[in-house]
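Pasted below: run02.csv, CSV, C-alpha atoms.
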```
chain,number,residue,atom,x,y,z
A,1,MET,CA,131.0,-22.9,175.3
A,2,ALA,CA,130.9,-23.1,171.5
A,3,PRO,CA,132.4,-19.6,171.0
A,4,ILE,CA,135.2,-20.4,173.4
A,5,LEU,CA,136.0,-23.7,171.7
A,6,THR,CA,136.0,-22.0,168.3
A,7,SER,CA,138.3,-19.2,169.4
A,8,VAL,CA,140.7,-21.7,171.0
A,9,ILE,CA,140.8,-23.7,167.7
A,10,LEU,CA,141.5,-20.5,165.7
A,11,LEU,CA,144.2,-19.4,168.1
A,12,LEU,CA,145.9,-22.8,167.9
A,13,SER,CA,145.9,-22.5,164.1
A,14,LEU,CA,148.2,-19.5,164.5
A,15,ILE,CA,151.0,-22.0,165.4
A,16,SER,CA,152.3,-22.8,162.0
A,17,ILE,CA,156.0,-23.4,162.7
A,18,PRO,CA,157.6,-26.5,164.2
A,19,PRO,CA,158.9,-26.5,167.8
A,20,THR,CA,162.4,-25.4,168.5
A,21,VAL,CA,164.7,-27.6,170.5
A,22,SER,CA,164.6,-25.3,173.5
A,23,GLN,CA,161.4,-24.2,175.1
A,24,ARG,CA,162.0,-21.0,177.0
A,25,LYS,CA,160.0,-20.5,180.2
A,26,ASP,CA,157.7,-17.5,180.5
A,27,GLU,CA,158.3,-17.0,184.2
A,28,ILE,CA,160.1,-13.8,185.0
A,29,GLY,CA,161.2,-14.5,188.6
A,30,ASN,CA,161.2,-11.4,190.8
A,31,THR,CA,161.3,-8.9,187.9
A,32,ASP,CA,158.0,-7.1,187.5
A,33,VAL,CA,156.3,-6.2,184.3
A,34,SER,CA,157.0,-2.5,184.5
A,35,GLU,CA,160.8,-3.1,185.0
A,36,ILE,CA,160.8,-5.4,182.0
A,37,ILE,CA,159.1,-2.8,179.8
A,38,GLU,CA,161.3,0.0,181.1
A,39,ARG,CA,164.5,-2.0,180.3
A,40,ALA,CA,163.3,-3.2,176.9
A,41,ASN,CA,162.2,0.3,175.8
A,42,ALA,CA,165.4,2.1,176.9
A,43,ASN,CA,166.7,2.4,173.4
A,44,THR,CA,163.6,2.2,171.3
A,45,THR,CA,163.0,5.0,168.7
A,46,THR,CA,159.2,4.6,168.8
A,47,HIS,CA,157.4,7.7,170.2
A,48,LEU,CA,155.9,6.5,173.4
A,49,LEU,CA,153.7,8.0,176.2
A,50,HIS,CA,153.8,6.7,179.8
A,51,GLY,CA,156.6,4.3,178.9
A,52,ASP,CA,154.9,1.9,176.5
A,53,ILE,CA,151.9,3.5,174.8
A,54,ALA,CA,152.6,4.3,171.1
A,55,LEU,CA,151.2,7.5,169.8
A,56,LYS,CA,149.8,8.5,166.4
A,57,VAL,CA,150.3,12.0,165.1
A,58,GLN,CA,147.9,14.5,166.8
A,59,ARG,CA,146.4,11.9,169.1
A,60,ASN,CA,145.9,13.3,172.6
A,61,ALA,CA,146.2,11.7,176.0
A,62,ASP,CA,142.5,11.8,176.8
A,63,PRO,CA,140.8,8.5,177.6
A,64,CYS,CA,140.2,7.0,174.2
A,65,THR,CA,137.2,4.9,175.5
A,66,ALA,CA,135.2,8.1,175.6
A,67,THR,CA,135.7,8.6,171.8
A,68,GLY,CA,135.0,5.1,170.6
A,69,CYS,CA,138.2,3.1,170.9
A,70,THR,CA,136.7,0.0,172.5
A,71,TRP,CA,136.3,-3.2,170.5
A,72,PRO,CA,132.7,-4.1,169.4
A,73,LYS,CA,130.7,-6.7,171.3
A,74,TYR,CA,128.5,-9.2,169.5
A,75,GLY,CA,126.1,-11.0,171.7
A,76,LYS,CA,127.9,-12.1,174.9
A,77,TYR,CA,131.4,-11.7,173.6
A,78,VAL,CA,133.9,-9.1,172.3
A,79,TYR,CA,135.8,-10.6,169.4
A,80,VAL,CA,139.3,-9.3,168.7
A,81,PRO,CA,141.1,-10.6,165.5
A,82,VAL,CA,144.7,-11.4,166.0
A,83,SER,CA,147.8,-12.1,163.9
A,84,ILE,CA,151.1,-13.2,165.2
A,85,SER,CA,154.4,-12.8,163.3
A,86,SER,CA,156.0,-16.0,162.1
A,87,SER,CA,159.3,-14.5,163.2
A,88,TYR,CA,158.7,-15.6,166.7
A,89,SER,CA,159.9,-19.0,167.9
A,90,PHE,CA,157.4,-21.7,168.7
A,91,SER,CA,157.8,-21.1,172.5
A,92,ASP,CA,157.3,-17.3,172.1
A,93,ARG,CA,154.1,-17.9,170.1
A,94,ILE,CA,152.9,-20.3,172.7
A,95,THR,CA,153.5,-17.7,175.4
A,96,ILE,CA,151.6,-15.0,173.4
A,97,ILE,CA,148.7,-17.4,172.9
A,98,ARG,CA,148.7,-18.3,176.6
A,99,GLY,CA,148.4,-14.6,177.3
A,100,LEU,CA,145.5,-14.3,174.9
A,101,LEU,CA,143.7,-17.3,176.4
A,102,SER,CA,144.2,-16.0,179.9
A,103,PHE,CA,141.4,-13.4,179.2
A,104,TYR,CA,138.9,-16.2,178.6
A,105,LYS,CA,138.5,-17.4,182.2
A,106,ASP,CA,136.9,-14.3,183.8
A,107,THR,CA,136.1,-11.9,180.9
A,108,CYS,CA,134.1,-11.8,177.7
A,109,ILE,CA,137.1,-11.0,175.5
A,110,ARG,CA,137.7,-13.6,172.8
A,111,PHE,CA,140.6,-13.5,170.4
A,112,THR,CA,140.2,-15.1,166.9
A,113,LYS,CA,142.5,-15.6,164.0
A,114,ARG,CA,142.7,-12.6,161.7
A,115,ARG,CA,141.1,-13.2,158.3
A,116,TRP,CA,141.5,-11.1,155.2
A,117,TRP,CA,138.2,-9.3,155.7
A,118,HIS,CA,139.1,-8.0,159.2
A,119,ARG,CA,139.9,-4.3,158.9
A,120,ASN,CA,140.7,-3.9,162.6
A,121,TYR,CA,143.0,-6.4,164.3
A,122,LEU,CA,146.0,-6.8,166.6
A,123,TYR,CA,149.3,-7.7,165.1
A,124,PHE,CA,152.0,-9.1,167.4
A,125,PHE,CA,155.5,-8.6,166.1
A,126,PRO,CA,159.1,-8.7,167.5
A,127,GLY,CA,159.9,-5.0,167.3
A,128,SER,CA,162.1,-2.8,169.4
A,129,GLY,CA,160.8,-2.9,172.9
A,130,CYS,CA,157.4,-3.6,174.5
A,131,TRP,CA,154.6,-1.3,173.5
A,132,SER,CA,151.1,-1.0,172.2
A,133,TYR,CA,148.6,1.6,171.1
A,134,LEU,CA,145.8,2.7,173.5
A,135,GLY,CA,142.5,1.1,172.5
A,136,ARG,CA,141.2,0.0,169.1
A,137,GLN,CA,142.9,1.7,166.2
A,138,SER,CA,141.8,1.7,162.6
A,139,ARG,CA,143.2,-1.2,160.4
A,140,GLY,CA,146.1,-3.3,161.6
A,141,GLN,CA,147.2,-2.4,165.1
A,142,ALA,CA,150.8,-3.3,166.1
A,143,ILE,CA,151.8,-4.7,169.5
A,144,SER,CA,155.6,-4.9,169.8
A,145,LEU,CA,156.9,-7.7,172.0
A,146,GLN,CA,160.7,-7.8,171.5
A,147,LYS,CA,162.3,-11.2,171.4
A,148,ASN,CA,164.5,-12.0,174.4
A,149,GLY,CA,163.0,-9.3,176.6
A,150,CYS,CA,159.3,-8.8,176.3
A,151,VAL,CA,157.6,-12.2,175.7
A,152,TYR,CA,156.3,-13.1,179.1
A,153,LEU,CA,152.8,-13.8,180.2
A,154,GLY,CA,152.4,-10.6,182.3
A,155,THR,CA,153.9,-8.4,179.6
A,156,VAL,CA,151.6,-9.9,177.0
A,157,GLN,CA,148.6,-9.2,179.3
A,158,HIS,CA,149.9,-5.7,180.0
A,159,GLU,CA,150.1,-4.7,176.3
A,160,ILE,CA,146.8,-6.3,175.5
A,161,LEU,CA,145.1,-4.3,178.3
A,162,HIS,CA,146.5,-1.1,176.6
A,163,ALA,CA,145.0,-2.3,173.3
A,164,LEU,CA,141.7,-2.8,175.0
A,165,GLY,CA,141.7,0.8,176.2
A,166,PHE,CA,143.4,0.8,179.6
A,167,HIS,CA,146.0,3.2,181.0
A,168,HIS,CA,148.6,2.6,183.7
A,169,GLU,CA,147.3,2.6,187.2
A,170,GLN,CA,149.5,5.3,188.6
A,171,VAL,CA,148.3,7.9,186.0
A,172,ARG,CA,144.6,7.4,186.7
A,173,SER,CA,142.6,10.5,187.7
A,174,ASP,CA,142.5,9.8,191.4
A,175,ARG,CA,146.1,8.8,191.8
A,176,ASP,CA,146.9,11.7,194.0
A,177,ASP,CA,144.6,10.3,196.7
A,178,HIS,CA,146.8,7.1,196.8
A,179,VAL,CA,150.4,7.9,195.7
A,180,ILE,CA,152.9,10.7,195.7
A,181,ILE,CA,155.0,11.1,192.6
A,182,ASN,CA,158.6,12.2,193.5
A,183,PHE,CA,159.5,14.2,190.3
A,184,ASP,CA,162.9,15.0,191.8
A,185,ASN,CA,163.9,11.4,191.5
A,186,ILE,CA,162.6,10.8,188.0
A,187,ARG,CA,165.2,10.5,185.2
A,188,GLU,CA,165.4,13.6,183.1
A,189,GLY,CA,163.2,13.2,180.0
A,190,SER,CA,161.0,10.6,181.6
A,191,GLU,CA,158.7,13.0,183.5
A,192,ARG,CA,155.9,12.7,180.9
A,193,ASN,CA,155.6,9.0,181.8
A,194,PHE,CA,153.9,10.2,185.0
A,195,GLN,CA,151.4,12.6,183.5
A,196,LYS,CA,148.0,12.1,185.1
A,197,VAL,CA,145.1,11.3,182.8
A,198,ASN,CA,141.4,12.1,183.2
A,199,THR,CA,140.5,8.4,183.2
A,200,ASN,CA,137.2,6.6,183.7
A,201,ASN,CA,138.0,4.4,186.7
A,202,LEU,CA,134.8,2.4,186.2
A,203,GLY,CA,134.0,2.4,189.9
A,204,THR,CA,137.0,0.2,190.8
A,205,PRO,CA,139.4,0.9,193.6
A,206,TYR,CA,143.0,2.0,193.1
A,207,ASP,CA,145.0,-1.2,192.7
A,208,PHE,CA,148.7,-1.5,193.8
A,209,ASP,CA,148.6,-5.2,192.6
A,210,SER,CA,147.5,-4.3,189.1
A,211,VAL,CA,149.7,-5.6,186.2
A,212,MET,CA,149.3,-2.0,184.9
A,213,HIS,CA,151.1,-0.4,188.0
A,214,TYR,CA,154.6,0.9,187.8
A,215,SER,CA,157.1,-0.2,190.5
A,216,ASN,CA,158.3,2.1,193.3
A,217,THR,CA,161.5,3.1,191.5
A,218,ALA,CA,160.2,3.2,187.9
A,219,PHE,CA,162.3,5.6,185.8
A,220,SER,CA,164.4,6.6,188.8
A,221,LYS,CA,167.6,8.5,188.2
A,222,ASN,CA,169.1,7.7,191.6
A,223,GLY,CA,167.6,4.5,192.8
A,224,GLN,CA,165.2,6.4,195.1
A,225,PRO,CA,161.4,5.9,194.9
A,226,THR,CA,159.6,7.8,192.2
A,227,ILE,CA,156.2,6.6,193.5
A,228,VAL,CA,155.3,6.3,197.2
A,229,ALA,CA,152.1,5.1,198.7
A,230,ILE,CA,150.4,7.7,200.8
A,231,ASN,CA,149.0,5.2,203.4
A,232,ASP,CA,152.3,3.4,203.8
A,233,THR,CA,155.6,5.0,202.7
A,234,ASN,CA,157.4,1.7,202.9
A,235,LYS,CA,154.8,-0.2,200.8
A,236,VAL,CA,156.3,-2.2,197.9
A,237,PHE,CA,154.1,-2.4,194.8
A,238,GLY,CA,154.1,-2.8,191.1
A,239,ARG,CA,155.4,-6.3,191.4
A,240,ALA,CA,152.6,-8.0,189.5
A,241,VAL,CA,153.5,-10.7,187.0
A,242,LYS,CA,149.9,-11.3,185.8
A,243,MET,CA,146.5,-9.6,185.9
A,244,SER,CA,144.8,-8.9,189.2
A,245,SER,CA,141.1,-9.4,190.0
A,246,ASN,CA,140.6,-5.7,189.6
A,247,ASP,CA,142.2,-5.8,186.2
A,248,THR,CA,139.6,-8.3,185.0
A,249,ALA,CA,136.8,-6.5,186.9
A,250,ARG,CA,137.6,-3.4,184.8
A,251,ILE,CA,137.5,-5.3,181.6
A,252,ASN,CA,134.1,-6.7,182.5
A,253,GLU,CA,132.8,-3.2,183.5
A,254,LEU,CA,134.1,-1.4,180.4
A,255,TYR,CA,132.9,-4.1,178.0
A,256,LYS,CA,129.6,-4.9,179.9
A,257,CYS,CA,130.6,-8.6,180.1
A,258,ASN,CA,127.9,-9.3,182.7
A,259,SER,CA,125.0,-7.9,180.7
```
Please express the file's structure as structure tokens.
Amino acid sequence: MAPILTSVILLLSLISIPPTVSQRKDEIGNTDVSEIIERANANTTTHLLHGDIALKVQRNADPCTATGCTWPKYGKYVYVPVSISSSYSFSDRITIIRGLLSFYKDTCIRFTKRRWWHRNYLYFFPGSGCWSYLGRQSRGQAISLQKNGCVYLGTVQHEILHALGFHHEQVRSDRDDHVIINFDNIREGSERNFQKVNTNNLGTPYDFDSVMHYSNTAFSKNGQPTIVAINDTNKVFGRAVKMSSNDTARINELYKCNS
């Protein structure tokens, strides 16, 4: 309990600006996370893979967790230092912190305030669009959550999951057993967002309810489905607004939270 209390106190210390008059809600109604990200990233100049994964020069698309991009575990917990830009409003900072704290309930991930001696840490800033790097990077690691477009609970969770080392659901190695990608309906120039990756699926089932799954018409050029479920061509998916139980199960498996 002590590590949790300590992390909560440190996270709360990130709130260093007074409240604004209006407190914007973080609910996103019927708009799913993938649609929010697609819309926000429409005009970004950041070089992105799969819609919202930022790439460094010469970094390939292989699963980074196989080459050491996970965050280190100390004892029972994985501690990830965090810094949040003071450019965010009070309500935006609260939403980001709520997203961080949502990992505490069912996983061993713990976020702490970044100190000067932390070489590796996450830095949330209001950039252009919603995006993150895949897995732990060296030194400060940016997560862009654009103001007025990206700061919602599910979007925060989505980008943190990328930073922890997770790809989108519909690009996992066994996706062809579960979905059909209709490349004829994909907007020109967006085909690379559907490139399959040789992922480690950690023994978990394909999850249409994952916060990491695209919607049926993601990156569609004509409003027709770009992704169709094999077992039910009329299935509606990718509507998650928060992490699923499978999302948390994968965190626990990758980071050995139960051992």
Stretch 209-213 of chain A surroundings by only C-alpha atoms, 6 Å radius, close-in-sequence under 3 positions cut, as number ranges by chain: A: 168-170, 238, 240, 242-244
Could you list, with a cut-off of 9 Å and counting only C-alpha atoms, the residues of stretch 207-245 of chain A near stretch 176-186 of chain A, each shown with its nearest atom pair and the distance in Å rounded to one decimal, rows sorted by chain and ascending number, as JSON lines?
```
{"residue": "A:Thr217", "atom": "CA", "partner": "A:Ile186", "partner_atom": "CA", "distance": 8.5}
{"residue": "A:Ala218", "atom": "CA", "partner": "A:Ile186", "partner_atom": "CA", "distance": 8.0}
{"residue": "A:Phe219", "atom": "CA", "partner": "A:Ile186", "partner_atom": "CA", "distance": 5.7}
{"residue": "A:Ser220", "atom": "CA", "partner": "A:Ile186", "partner_atom": "CA", "distance": 4.6}
{"residue": "A:Lys221", "atom": "CA", "partner": "A:Ile186", "partner_atom": "CA", "distance": 5.5}
{"residue": "A:Asn222", "atom": "CA", "partner": "A:Asn185", "partner_atom": "CA", "distance": 6.4}
{"residue": "A:Gly223", "atom": "CA", "partner": "A:Asn185", "partner_atom": "CA", "distance": 7.9}
{"residue": "A:Gln224", "atom": "CA", "partner": "A:Asn185", "partner_atom": "CA", "distance": 6.3}
{"residue": "A:Pro225", "atom": "CA", "partner": "A:Asn185", "partner_atom": "CA", "distance": 6.9}
{"residue": "A:Thr226", "atom": "CA", "partner": "A:Asn182", "partner_atom": "CA", "distance": 4.7}
{"residue": "A:Ile227", "atom": "CA", "partner": "A:Ile181", "partner_atom": "CA", "distance": 4.7}
{"residue": "A:Val228", "atom": "CA", "partner": "A:Ile180", "partner_atom": "CA", "distance": 5.2}
{"residue": "A:Ala229", "atom": "CA", "partner": "A:Val179", "partner_atom": "CA", "distance": 4.4}
{"residue": "A:Ile230", "atom": "CA", "partner": "A:Val179", "partner_atom": "CA", "distance": 5.1}
{"residue": "A:Asn231", "atom": "CA", "partner": "A:His178", "partner_atom": "CA", "distance": 7.2}
```
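Relative to atom CA of A:Val80, atom CA of A:Phe124 is found at 12.8 Å.
Going from atom CA of A:Lys196 to atom CA of A:Gln137 covers 22.2 Å.
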Of A:Tyr123, A:Phe103, A:Phe111, A:Tyr152, the one nearest to A:Ser245 when counting all atoms listed in the file is A:Phe103
Please, what distance in Å, to one decimal, runs between atom CA of A:Lys113 and atom CA of A:Ile84? 9.0 Å
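Minimum distance to A:His158 across A:Asn201, A:Asn252, A:Ser173, A:Ser102 (counting only C-alpha atoms) occurs at A:Ser102.
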Mind listing whatever residues come within 9 Å of the point (161.0, -8.0, 164.4)? Use only C-alpha atoms, file coordinates, and give them as an MDAnalysis selection string. chainID A and resid 85 87:88 125:128 144:147
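Each of A:Glu35, A:Ser89, A:Leu254, A:Val156 was checked against A:Gly135 using only C-alpha atoms; the smallest atom-to-atom distance is that of A:Leu254.
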